[in-house]
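Listing of target.txt, compact mmCIF, C-alpha atoms
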```txt
# COMPACT_ATOMS: atom_id res chain seq x y z
CA MET G 1 -20.64 5.40 13.76
CA ASN G 2 -21.47 9.12 13.79
CA PHE G 3 -19.60 10.36 10.72
CA GLU G 4 -20.51 13.99 11.21
CA GLU G 5 -18.82 13.77 14.59
CA LEU G 6 -15.85 11.82 13.19
CA PHE G 7 -15.18 14.31 10.41
CA SER G 8 -15.62 17.26 12.76
CA LEU G 9 -12.97 15.70 15.00
CA TYR G 10 -10.72 15.31 11.95
CA PRO G 11 -11.49 18.31 9.72
CA CYS G 12 -9.61 18.47 6.43
CA TYR G 13 -7.42 21.55 6.75
CA LEU G 14 -5.53 20.88 3.50
CA THR G 15 -6.20 22.49 0.13
CA GLU G 16 -4.83 21.77 -3.33
CA THR G 17 -2.63 24.85 -3.00
CA SER G 18 -1.28 24.00 0.45
CA VAL G 19 -0.60 20.41 -0.64
CA LYS G 20 1.37 21.52 -3.70
CA GLU G 21 3.34 24.06 -1.69
CA GLY G 22 4.03 21.51 1.05
CA ILE G 23 5.30 18.92 -1.42
CA ASP G 24 7.50 21.44 -3.25
CA THR G 25 9.04 22.62 0.03
CA ILE G 26 9.82 19.12 1.32
CA ILE G 27 11.26 17.88 -1.98
CA ALA G 28 13.39 20.99 -2.47
CA LYS G 29 14.86 20.62 1.02
CA HIS G 30 15.29 16.86 1.36
CA PHE G 31 15.10 14.92 -1.92
CA ASN G 32 18.82 15.04 -2.69
CA GLU G 33 19.85 13.86 0.78
CA ASN G 34 17.56 10.84 0.40
CA ASN G 35 18.52 10.01 -3.18
CA VAL G 36 21.39 7.79 -2.04
CA GLN G 37 22.23 4.10 -2.07
CA SER G 38 21.26 3.41 1.55
CA VAL G 39 17.73 4.72 0.87
CA TRP G 40 17.49 2.77 -2.41
CA LYS G 41 18.29 -0.39 -0.44
CA GLN G 42 15.67 0.47 2.17
CA CYS G 43 13.06 1.08 -0.54
CA LEU G 44 13.88 -2.33 -2.04
CA HIS G 45 13.26 -3.90 1.37
CA GLN G 46 9.82 -2.23 1.49
CA ILE G 47 8.45 -3.64 -1.78
CA ASP G 48 5.37 -5.81 -2.07
CA LEU G 49 6.54 -7.65 -5.19
CA THR G 50 3.34 -7.86 -7.18
CA THR G 51 1.84 -9.78 -10.07
CA LEU G 52 -1.84 -9.03 -10.68
CA ASN G 53 -2.51 -9.91 -14.28
CA GLY G 54 -5.32 -11.84 -15.90
CA ASP G 55 -2.80 -14.22 -17.43
CA ASP G 56 -1.04 -15.08 -14.15
CA THR G 57 -0.42 -18.82 -13.92
CA ILE G 58 0.82 -21.20 -11.24
CA GLU G 59 4.05 -21.56 -13.22
CA LYS G 60 4.57 -17.80 -13.36
CA VAL G 61 3.95 -17.35 -9.64
CA VAL G 62 6.24 -20.27 -8.74
CA ALA G 63 8.98 -18.66 -10.85
CA LEU G 64 8.52 -15.29 -9.14
CA THR G 65 8.50 -16.84 -5.67
CA THR G 66 11.61 -18.89 -6.49
CA LYS G 67 13.41 -15.70 -7.44
CA VAL G 68 12.55 -14.28 -4.03
CA ASN G 69 13.81 -17.48 -2.38
CA ASP G 70 17.09 -17.28 -4.31
CA PHE G 71 17.55 -13.51 -4.09
CA ASN G 72 20.12 -13.47 -1.28
CA THR G 73 22.15 -16.19 -2.99
CA HIS G 74 22.63 -13.82 -5.91
CA TYR G 75 22.74 -10.59 -3.88
CA PRO G 76 23.89 -11.46 -0.34
CA GLN G 77 24.66 -7.84 0.44
CA LEU G 78 21.11 -6.64 -0.23
CA PRO G 79 17.84 -6.92 1.73
CA ASN G 80 15.02 -8.98 0.25
CA VAL G 81 11.57 -7.63 -0.60
CA ALA G 82 8.87 -7.34 2.09
CA ALA G 83 6.13 -9.50 0.59
CA ILE G 84 4.76 -11.17 -2.52
CA CYS G 85 1.29 -9.99 -3.59
CA VAL G 86 -0.99 -12.11 -5.80
CA TYR G 87 -4.64 -12.87 -6.50
CA PRO G 88 -6.44 -15.07 -3.93
CA SER G 89 -6.40 -18.20 -6.10
CA LEU G 90 -2.59 -18.09 -6.21
CA VAL G 91 -1.92 -17.56 -2.50
CA GLU G 92 -1.57 -21.29 -1.89
CA THR G 93 1.04 -21.48 -4.67
CA VAL G 94 3.13 -18.81 -2.98
CA LYS G 95 2.77 -20.48 0.41
CA LYS G 96 3.89 -23.87 -0.93
CA THR G 97 6.90 -22.37 -2.75
CA LEU G 98 8.11 -19.63 -0.42
CA ASN G 99 10.87 -20.49 2.04
CA LYS G 100 11.79 -16.99 3.20
CA PRO G 101 10.25 -15.14 6.18
CA ILE G 102 8.40 -12.54 4.15
CA GLY G 103 4.73 -11.67 3.86
CA ILE G 104 2.18 -13.29 1.58
CA ALA G 105 -0.26 -10.61 0.47
CA SER G 106 -3.49 -11.15 -1.42
CA VAL G 107 -5.76 -8.64 -3.07
CA ALA G 108 -9.37 -9.58 -2.36
CA ALA G 109 -12.93 -8.31 -1.79
CA GLY G 110 -13.78 -7.87 -5.45
CA PHE G 111 -10.45 -6.26 -6.35
CA PRO G 112 -10.00 -3.93 -8.19
CA ALA G 113 -13.49 -2.41 -8.54
CA SER G 114 -15.00 -3.63 -5.24
CA GLN G 115 -18.31 -3.93 -7.06
CA THR G 116 -19.64 -7.18 -5.64
CA PHE G 117 -21.78 -8.33 -2.73
CA PRO G 118 -20.44 -7.63 0.78
CA GLU G 119 -20.86 -11.29 1.71
CA ILE G 120 -18.61 -12.31 -1.18
CA LYS G 121 -16.01 -9.72 -0.14
CA VAL G 122 -15.88 -11.08 3.40
CA ALA G 123 -15.77 -14.69 2.22
CA GLU G 124 -13.00 -14.06 -0.30
CA CYS G 125 -10.84 -12.33 2.29
CA ALA G 126 -11.36 -15.14 4.80
CA MET G 127 -10.55 -17.74 2.14
CA ALA G 128 -7.36 -15.89 1.14
CA VAL G 129 -6.19 -16.00 4.76
CA ALA G 130 -7.13 -19.66 5.06
CA ALA G 131 -5.00 -20.33 1.98
CA GLY G 132 -2.00 -18.68 3.61
CA ALA G 133 -2.23 -14.92 3.16
CA THR G 134 -0.72 -12.95 6.03
CA GLU G 135 -1.87 -9.65 4.52
CA VAL G 136 -5.04 -8.73 2.64
CA ASP G 137 -5.42 -5.72 0.33
CA ILE G 138 -8.99 -4.53 -0.29
CA VAL G 139 -10.54 -1.56 -2.09
CA ILE G 140 -13.15 0.64 -0.46
CA SER G 141 -16.56 0.78 -2.10
CA ILE G 142 -15.70 3.92 -4.02
CA GLY G 143 -19.18 4.54 -5.40
CA LYS G 144 -20.75 4.28 -1.97
CA PHE G 145 -18.14 6.63 -0.53
CA LEU G 146 -18.72 9.22 -3.27
CA GLU G 147 -22.48 9.17 -2.71
CA GLY G 148 -21.89 9.75 1.00
CA ASN G 149 -22.89 6.27 2.17
CA TYR G 150 -20.08 6.19 4.71
CA GLN G 151 -21.73 3.67 7.02
CA GLU G 152 -21.73 0.87 4.43
CA VAL G 153 -18.11 1.59 3.53
CA TYR G 154 -17.16 1.52 7.21
CA ASP G 155 -19.15 -1.65 7.94
CA GLU G 156 -17.54 -3.56 5.05
CA ILE G 157 -14.02 -2.71 6.23
CA ALA G 158 -14.81 -3.54 9.85
CA GLU G 159 -16.43 -6.86 8.94
CA ILE G 160 -13.50 -7.88 6.74
CA LYS G 161 -11.07 -6.90 9.48
CA SER G 162 -12.90 -9.23 11.85
CA ALA G 163 -12.99 -12.05 9.29
CA ILE G 164 -9.24 -12.16 8.62
CA HIS G 165 -8.35 -12.98 12.24
CA GLY G 166 -5.30 -10.82 12.85
CA SER G 167 -3.81 -10.78 9.36
CA HIS G 168 -2.84 -7.28 8.28
CA LEU G 169 -5.53 -5.35 6.43
CA LYS G 170 -4.45 -2.86 3.78
CA VAL G 171 -7.31 -0.63 2.66
CA ILE G 172 -6.96 0.85 -0.82
CA LEU G 173 -8.65 4.23 -1.27
CA GLU G 174 -8.22 4.41 -5.07
CA THR G 175 -7.26 8.06 -4.68
CA GLY G 176 -7.33 8.75 -8.41
CA ALA G 177 -11.10 8.17 -8.36
CA LEU G 178 -11.70 10.27 -5.23
CA LYS G 179 -10.65 13.46 -7.05
CA SER G 180 -10.46 15.96 -4.18
CA VAL G 181 -8.08 16.53 -1.29
CA GLU G 182 -11.01 16.45 1.16
CA ASN G 183 -12.26 13.11 -0.16
CA ILE G 184 -8.81 11.52 0.14
CA TYR G 185 -8.41 12.83 3.68
CA ARG G 186 -11.91 11.73 4.75
CA ALA G 187 -11.51 8.29 3.19
CA SER G 188 -8.22 7.90 5.07
CA ILE G 189 -9.87 8.76 8.39
CA LEU G 190 -12.83 6.46 7.71
CA ALA G 191 -10.58 3.52 6.81
CA MET G 192 -8.46 3.97 9.94
CA ALA G 193 -11.56 4.27 12.12
CA ALA G 194 -12.84 0.98 10.65
CA GLY G 195 -9.63 -0.87 11.54
CA ALA G 196 -7.18 -0.54 8.64
CA ASP G 197 -3.63 -1.54 9.51
CA PHE G 198 -2.38 0.17 6.33
CA ILE G 199 -3.98 2.73 4.10
CA LYS G 200 -2.95 2.41 0.47
CA THR G 201 -3.32 4.76 -2.49
CA SER G 202 -4.28 2.72 -5.49
CA THR G 203 -4.94 -0.52 -7.32
CA GLY G 204 -2.71 0.29 -10.28
CA LYS G 205 -5.70 -0.47 -12.50
CA ILE G 206 -6.91 3.06 -13.32
CA THR G 207 -5.24 6.02 -15.03
CA THR G 208 -4.25 7.99 -11.92
CA ASN G 209 -2.49 5.97 -9.25
CA ALA G 210 -0.02 6.87 -6.49
CA THR G 211 0.79 10.58 -6.68
CA PRO G 212 2.86 12.81 -4.40
CA GLU G 213 -0.36 14.66 -3.59
CA ALA G 214 -2.07 11.49 -2.37
CA THR G 215 0.95 10.57 -0.25
CA TYR G 216 1.05 14.04 1.30
CA VAL G 217 -2.65 14.02 2.21
CA MET G 218 -2.76 10.43 3.46
CA CYS G 219 0.38 10.84 5.57
CA HIS G 220 -1.10 13.93 7.21
CA ALA G 221 -4.26 11.94 7.97
CA ILE G 222 -2.13 9.17 9.52
CA LYS G 223 -0.23 11.77 11.56
CA ASP G 224 -3.47 13.36 12.79
CA TRP G 225 -4.91 9.95 13.67
CA LYS G 226 -1.79 9.00 15.62
CA GLU G 227 -1.80 12.30 17.55
CA LYS G 228 -5.43 11.87 18.64
CA THR G 229 -5.66 8.10 19.19
CA GLY G 230 -2.09 6.96 19.79
CA GLN G 231 -2.60 4.31 17.09
CA LYS G 232 0.06 3.90 14.43
CA VAL G 233 -1.37 3.15 10.98
CA CYS G 234 0.98 2.19 8.17
CA TYR G 235 1.22 3.53 4.62
CA LYS G 236 1.54 2.07 1.12
CA PRO G 237 1.78 4.00 -2.14
CA ALA G 238 0.97 1.62 -5.00
CA GLY G 239 0.50 1.85 -8.73
CA GLY G 240 2.77 3.94 -10.92
CA VAL G 241 5.76 3.98 -8.55
CA SER G 242 8.26 2.36 -10.89
CA THR G 243 11.45 4.43 -10.94
CA THR G 244 14.07 4.99 -8.25
CA GLU G 245 13.35 8.71 -8.31
CA GLU G 246 9.62 8.17 -7.75
CA ALA G 247 10.32 5.85 -4.82
CA VAL G 248 12.69 8.37 -3.25
CA LEU G 249 10.10 11.13 -3.69
CA HIS G 250 7.47 9.18 -1.73
CA TYR G 251 10.08 8.09 0.83
CA THR G 252 11.07 11.73 1.35
CA LEU G 253 7.48 12.80 1.97
CA VAL G 254 6.83 9.95 4.41
CA LYS G 255 10.05 10.67 6.30
CA ASP G 256 9.31 14.38 6.62
CA ILE G 257 5.62 14.06 7.58
CA LEU G 258 5.58 10.86 9.65
CA GLY G 259 9.19 10.53 10.79
CA ASN G 260 11.74 7.77 11.15
CA ASP G 261 9.35 5.37 12.93
CA TRP G 262 7.70 4.67 9.57
CA LEU G 263 10.93 4.03 7.63
CA ASN G 264 10.80 0.24 7.80
CA ASN G 265 9.00 -2.52 5.93
CA GLU G 266 6.51 -3.12 8.72
CA SER G 267 5.17 0.44 8.49
CA PHE G 268 5.79 1.58 4.90
CA ARG G 269 5.48 -0.46 1.71
CA PHE G 270 5.60 0.11 -2.02
CA GLY G 271 3.19 -1.82 -4.22
CA ALA G 272 5.29 -2.46 -7.28
CA SER G 273 6.22 -4.84 -10.07
CA ARG G 274 8.83 -2.84 -12.03
CA LEU G 275 10.36 -0.91 -9.14
CA ALA G 276 12.50 -3.77 -7.80
CA ASN G 277 14.61 -4.10 -10.95
CA ASN G 278 15.02 -0.32 -11.24
CA LEU G 279 16.19 -0.04 -7.64
CA LEU G 280 18.58 -2.95 -8.15
CA SER G 281 19.97 -1.18 -11.21
CA SER G 282 20.49 2.04 -9.27
CA ILE G 283 22.12 0.24 -6.33
CA LEU G 284 24.50 -1.83 -8.46
CA GLY G 285 25.19 0.79 -11.13
CA GLN G 286 24.19 -1.42 -14.07
CA GLU G 287 20.96 -2.60 -15.67
CA ILE G 288 19.50 -5.50 -13.68
CA LYS G 289 16.49 -7.57 -14.74
CA TYR G 290 16.42 -10.13 -11.94
CA PHE G 291 12.69 -10.07 -11.18
```

Before we go any further, please render this structure as structure tokens.
Amino acid sequence: MNFEELFSLYPCYLTETSVKEGIDTIIAKHFNENNVQSVWKQCLHQIDLTTLNGDDTIEKVVALTTKVNDFNTHYPQLPNVAAICVYPSLVETVKKTLNKPIGIASVAAGFPASQTFPEIKVAECAMAVAAGATEVDIVISIGKFLEGNYQEVYDEIAEIKSAIHGSHLKVILETGALKSVENIYRASILAMAAGADFIKTSTGKITTNATPEATYVMCHAIKDWKEKTGQKVCYKPAGGVSTTEEAVLHYTLVKDILGNDWLNNESFRFGASRLANNLLSSILGQEIKYF
């Protein structure tokens, strides 16, 4: 891959100032019209319900999956979540317990730091899919990207994409570590060129996670990619999106930049653990702690 040519084809035209001004304009115009119950329900339907803790157990994951199974018995008027996301060793537990037609997502490839051997990354992703994962979330090799070693970053993504045999690949940029608008934009383009089905902001494991700025930049990269290639790449803000207002903010940016074609749970997800209960509380007008 000629990265000089790739980045010249997709130059980063955004600056910190233009991003801030763009966000402020969109939110001022459209936030209130989207901060309504129908959008809260849609955001609930777009959640990857996530547990990624060191003390996760089979019992805990069975309990979470059972709650997803039983959700529409308790709330028949509401849409279920989009997927359950766990560590690779717990994918089989979800598969055995789940009886609803939703996704099984697994973080993999040395998540969250991506600091392991490429062969192990590929093997772990393939094993997660063999265990039942329909979606795999990986982190780019951030250090290699920051030192300009774009080829290795690209090759890892492309090899993993090949190894997971058609399962959806979500590529996490860890935007809080990339620092600059240009780096976030370039990492988005690189990930899409390597075969990402989704590009995703964050792991939720560092201080700075999904921000409006990251959403704005990544959605513009997706828009530019679609205009030049005709390929639709999906989007997932993750980490730190826990309140209804935060979800609506990201939803508003995605809707304005990418349009209605992305406003569904096949094209736009939230990576969240606390968001589901907060959205339920907003929708039903009382505190809910179902999940």

Closest atom pairs, range 163-280 of chain G residues within 12 Å of range 94-108 of chain G, all atoms listed in the file, as JSON lines:
```
{"residue": "G:Ile164", "atom": "CA", "partner": "G:Ala108", "partner_atom": "CA", "distance": 11.3}
{"residue": "G:Ser167", "atom": "CA", "partner": "G:Ala105", "partner_atom": "CA", "distance": 9.6}
{"residue": "G:His168", "atom": "CA", "partner": "G:Ala105", "partner_atom": "CA", "distance": 8.9}
{"residue": "G:Leu169", "atom": "CA", "partner": "G:Ala105", "partner_atom": "CA", "distance": 9.5}
{"residue": "G:Lys170", "atom": "CA", "partner": "G:Val107", "partner_atom": "CA", "distance": 9.1}
{"residue": "G:Val171", "atom": "CA", "partner": "G:Val107", "partner_atom": "CA", "distance": 10.0}
{"residue": "G:Ile172", "atom": "CA", "partner": "G:Val107", "partner_atom": "CA", "distance": 9.8}
{"residue": "G:Lys200", "atom": "CA", "partner": "G:Val107", "partner_atom": "CA", "distance": 11.9}
{"residue": "G:Ser202", "atom": "CA", "partner": "G:Val107", "partner_atom": "CA", "distance": 11.7}
{"residue": "G:Thr203", "atom": "CA", "partner": "G:Val107", "partner_atom": "CA", "distance": 9.2}
{"residue": "G:Gly204", "atom": "CA", "partner": "G:Val107", "partner_atom": "CA", "distance": 11.9}
{"residue": "G:Asn265", "atom": "CA", "partner": "G:Ile102", "partner_atom": "CA", "distance": 10.2}
{"residue": "G:Glu266", "atom": "CA", "partner": "G:Gly103", "partner_atom": "CA", "distance": 10.0}
{"residue": "G:Arg269", "atom": "CA", "partner": "G:Gly103", "partner_atom": "CA", "distance": 11.4}
{"residue": "G:Gly271", "atom": "CA", "partner": "G:Ala105", "partner_atom": "CA", "distance": 10.5}
```

Item to complete: Could you give me, as a PyMOL selection string, the residues within 10 Å of Trp262 in chain G, counting all atoms listed in the file and dropping anything in the same chain fewer than 5 positions from it?
Response: chain G and resi 232-235+251+254-255+257+267-269

Rows by chain and residue number, range 209-247 of chain G within 10 Å of range 9-15 of chain G, shortest pair, all atoms listed in the file, as a tab-separated table:
```
residue	atom	partner	partner_atom	distance
G:Tyr216	CA	G:Leu14	CA	9.7
G:Val217	CA	G:Leu14	CA	7.6
G:His220	CA	G:Leu14	CA	9.0
G:Ala221	CA	G:Tyr10	CA	8.3
G:Asp224	CA	G:Tyr10	CA	7.6
G:Trp225	CA	G:Tyr10	CA	8.1
G:Lys228	CA	G:Tyr10	CA	9.2
```

Those residues you just picked out, can you put them in a file as a PDB file, in the frame of the given file with C-alpha atoms?
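See again.pdb below for the written result:
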```pdb
ATOM      1  CA  TYR G 216       1.050  14.040   1.300  1.00  0.00           C
ATOM      2  CA  VAL G 217      -2.650  14.020   2.210  1.00  0.00           C
ATOM      3  CA  HIS G 220      -1.100  13.930   7.210  1.00  0.00           C
ATOM      4  CA  ALA G 221      -4.260  11.940   7.970  1.00  0.00           C
ATOM      5  CA  ASP G 224      -3.470  13.360  12.790  1.00  0.00           C
ATOM      6  CA  TRP G 225      -4.910   9.950  13.670  1.00  0.00           C
ATOM      7  CA  LYS G 228      -5.430  11.870  18.640  1.00  0.00           C
TER       8      LYS G 228
END
```

Contact table range 134-248 of chain G vs range 125-130 of chain G, cut-off 12 Å, shortest pair per residue, only C-alpha atoms, as CSV:
```
residue,atom,partner,partner_atom,distance
G:Thr134,CA,G:Val129,CA,6.4
G:Glu135,CA,G:Val129,CA,7.7
G:Val136,CA,G:Cys125,CA,6.8
G:Asp137,CA,G:Cys125,CA,8.8
G:Ile138,CA,G:Cys125,CA,8.4
G:Val139,CA,G:Cys125,CA,11.6
G:Glu156,CA,G:Cys125,CA,11.4
G:Ile157,CA,G:Cys125,CA,10.9
G:Glu159,CA,G:Cys125,CA,10.3
G:Ile160,CA,G:Cys125,CA,6.8
G:Lys161,CA,G:Cys125,CA,9.0
G:Ser162,CA,G:Ala126,CA,9.3
G:Ala163,CA,G:Ala126,CA,5.7
G:Ile164,CA,G:Ala126,CA,5.3
G:His165,CA,G:Ala126,CA,8.3
G:Gly166,CA,G:Val129,CA,9.6
G:Ser167,CA,G:Val129,CA,7.4
G:His168,CA,G:Val129,CA,10.0
G:Leu169,CA,G:Cys125,CA,9.7
G:Lys170,CA,G:Cys125,CA,11.5
```

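The coordinates place CA of Thr252 in chain G at 24.4 Å from CA of Ile288 in chain G.
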
Item to complete: Calculate how many Å separate CA of Glu16 in chain G from CA of Asn264 in chain G, rounding to one decimal.
Response: 28.8 Å

Take every atom of range 248-258 of chain G listed in the file, fit an axis-aligned box around them, add 4 Å per side, and give the centre and edge lengths in Å to one decimal as AutoDock Vina command-line options.
```
--center_x 9.1 --center_y 11.2 --center_z 3.0 --size_x 15.1 --size_y 14.3 --size_z 21.3
```
